[in-house]
Structures are given as C-alpha cells and as structure tokens.
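**Student:** One structure, pasted below without further comment.
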Amino acid sequence: MSRTASPTDRRSSLLTLGMLALLLYFLLPLFWLVVSATKTTSDLFSTFGLWFSGDFSLLRNIHDTFTYDGGVYGRWMLNTLAYSVVSAGGATLLAALGGYGFAKFRFRGNNALFGVVLGSIMVPTTALAIPTYLLFSKFGLVNTPWAIILPSLVSPFGLYLMRVYAQDAVADATLEAARLDGAGELRIFFQVVLRSLAPGLVTVLLFTLVATWNNYFLPLIMLSDPKLYPVTVGLSQWQAESAAGGGGSTGEQLPLVLTGALLSVIPLVAAFLLLQRYWQSGLAAGSVKQ
C-alpha cells in the first residue's frame, strides 16, 4: 500500500525546491561569466549567452587580458592582492583587540563607545568616501596605496562581531590564571586569547578581504594613476573604453573585461576554501569544553 505524504514530507520537499532555486539564482551569474569568458567579441553578440560557442577562446582571452596595454592587468591584480591582504590582516587584528577590550575590560564609557560602534555600522561607506577624500588630501595621501589601506583598516562590524564572540569564547578563569602566572596583557592576548578567537578571526578576515577586494567607489575617487588601480577600477576603465569604441571597434575589449572579471574571482574562491578549514576546525575546538 502506498503511504500518504505527510505535512512534514511536503514541507521538506518545498524547502528542498527553495534551496535549489536559491542555488541556481547564485550560480547562474557565475556560470554566465565562465561561458562568456570563452567567447570572442562576435560570439558574445551572436550566440546564446548561457552556452558555449564553437570557437573556445578562453586561453586566448586569458593571454590577451594579461598582455593588453603593456600587461597592466597583472599589476592591477597585484595591487588588489596587496590592498586586500594588508587591509584584511590589519582590520582583523584591530577588531580582535577592540572586541576583546570591550568584552573583557570594564572602563568608563564602555557602553557608550560600543553604542557608537553599533551606530557606525549603519552608516554606508559611500557616504564617508568624500569626507575621507578631503581628509586624506590634507595629508597628501591621495593617489597613494595608503588611501585604500587606511580606511579599510576600520571595520565596525568586525569589532562588533569580535566583541560578541570574545564575550563567550574567552573564559574569565583562563585570563585570571594567566595573570596569576605573571603574564602581561599583551602576552595574554597574543598567546591565549587569539587561539580562542580563531573562528571569529577567520570570519572577520574573510569579510574584510572580500569587501576590500570588491571595493570600487573608494579607489575610484582616491586614485588617479592607472598603475595604482585595483582590478575593479581597472576593468571598469576597460569597459568604458570598450563601450566608447576606444582603441578599435566597439566591444573589442569586452572579452578581456569578462575574462578579467572571471580571473579576479578565483583568488577569493581559493581564499575561502583555504580558510574554511581553519574556520571549521576552530568551531570544532571551541565546542569542546576545556
């Protein structure tokens, strides 16, 4: 005899279909990008966008991307890597220091200052771009790498996340034991606290890395030298030249833009896959009662 589907089974099927729809929604643009990076300019406009053409030009497009305009794309990628790694590392360390301080130390104005941090999360970064530019121009930092790195070191959300995580992940008894052993506060932080904060550190690192890597508006207004551009601004410049028909027929650089965009995604995927292992191991370690 056939069994009648229960409400739980129907709900599970609906959830599965919903998850598949979300998966398709997120993967479809990436699939389109992969397919488009394999096409020539004519194929981009003459063939179906979601499938490959007969002329598989991915390797030629990669070669052209790295050699076009004196190989400036490689420099843009190195700039982006430098900006992102330095900013993500610095922002994670500062967020860990600040979050640990808010969580485990009591001082006058603690709650008020943390309220300011929470309020600053609501301020869009684009609203601060012009004031940041005016401030940096006073110090002569415009059109330098510091114009990208220094603003990226401030991560209110990262500080909030580390404060919440440190509240429970760092045991007060462990801190007291370390102090009784004669350890200083900096030694406690770097040798004891950071190990307990590992999953939170990786989370903040990933958030800041992705945010800096994809940052467009800040470099756009801060940098005027193409040699200092990150890949976001550089590809936007190529796209504008392609739309205007610069350097040849209209759309000549479009395959290079698409291929460059695809290549720029690969380091982020690699970073996530690499750091995910430490993320999961840290979560597993934190779940074991010491």
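Labeling convention for the structure tokens: chains A, B, ... as they appear, residues from 1 per chain, ligands from 1 in order of appearance.
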Considering only C-alpha atoms, tabulate each residue of region 26-98 of chain A that lies at most 7 Å from region 184-207 of chain A along with its nearest interatomic pair and the corresponding distance in Å to one decimal; arrange the rows by chain and ascending residue number and present them as CSV.

**Tutor:**
```
residue,atom,partner,partner_atom,distance
A:Ala88,CA,A:Leu205,CA,5.4
A:Gly89,CA,A:Leu205,CA,6.6
A:Thr92,CA,A:Leu205,CA,5.6
```

**Student:** Take the residues just selected and output them with N, CA and C atoms as an mmCIF file, in the first residue's frame.

**Tutor:**
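File produced: part02.cif:
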```cif
data_model
loop_
_atom_site.group_PDB
_atom_site.id
_atom_site.type_symbol
_atom_site.label_atom_id
_atom_site.label_comp_id
_atom_site.auth_asym_id
_atom_site.auth_seq_id
_atom_site.Cartn_x
_atom_site.Cartn_y
_atom_site.Cartn_z
ATOM 1 N N ALA A 88 42.887 43.427 5.230
ATOM 2 C CA ALA A 88 42.180 42.372 5.958
ATOM 3 C C ALA A 88 42.954 41.960 7.207
ATOM 4 N N GLY A 89 44.268 41.812 7.074
ATOM 5 C CA GLY A 89 45.066 41.444 8.241
ATOM 6 C C GLY A 89 45.038 42.510 9.322
ATOM 7 N N THR A 92 41.495 42.819 10.901
ATOM 8 C CA THR A 92 41.197 41.691 11.789
ATOM 9 C C THR A 92 41.908 41.848 13.126
#
```

**Student:** Residues at most 10 Å from Leu118 (chain A), counting only C-alpha atoms, excluding those fewer than 4 positions away in the same chain, as a ChimeraX atom specification?

**Tutor:** /A:112-114,122-123,156-157,159-160

**Student:** Got time to write the residues from that selection, C-alpha atoms, as an mmCIF file, in the first residue's frame?

**Tutor:**
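This went into result.cif:
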```
data_model
loop_
_atom_site.group_PDB
_atom_site.id
_atom_site.type_symbol
_atom_site.label_atom_id
_atom_site.label_comp_id
_atom_site.auth_asym_id
_atom_site.auth_seq_id
_atom_site.Cartn_x
_atom_site.Cartn_y
_atom_site.Cartn_z
ATOM 1 C CA ALA A 112 28.506 54.481 25.151
ATOM 2 C CA LEU A 113 31.520 53.813 22.952
ATOM 3 C CA PHE A 114 30.180 50.442 21.914
ATOM 4 C CA MET A 122 24.544 51.674 9.866
ATOM 5 C CA VAL A 123 26.494 54.377 8.025
ATOM 6 C CA PRO A 156 32.897 48.423 12.862
ATOM 7 C CA PHE A 157 31.092 45.212 12.005
ATOM 8 C CA LEU A 159 34.738 44.880 16.001
ATOM 9 C CA TYR A 160 31.123 44.151 16.911
#
```

**Student:** Taking only C-alpha atoms into account, name the residue in A:Val154, A:Ala240, A:Leu175, A:Leu235 that is nearest to Gly98 (chain A).

**Tutor:** A:Val154

**Student:** Report the distance between CA of Asn79 (chain A) and CA of Phe272 (chain A) in Å, rounded to one decimal place.

**Tutor:**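 Taking CA of Asn79 (chain A) as the start and CA of Phe272 (chain A) as the end point, the length is 19.5 Å.
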
**Student:** Rank A:Leu218, A:Leu254, A:Ala270, A:Val231 by their smallest atom-to-atom distance to Met77 (chain A), using only C-alpha atoms, and report the top residue only.

**Tutor:** A:Val231

**Student:** Between CA of Leu50 (chain A) and CA of Val233 (chain A), measure the distance and give it in Å to one decimal.

**Tutor:**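 CA of Val233 (chain A) lies at a distance of 26.2 Å from CA of Leu50 (chain A).
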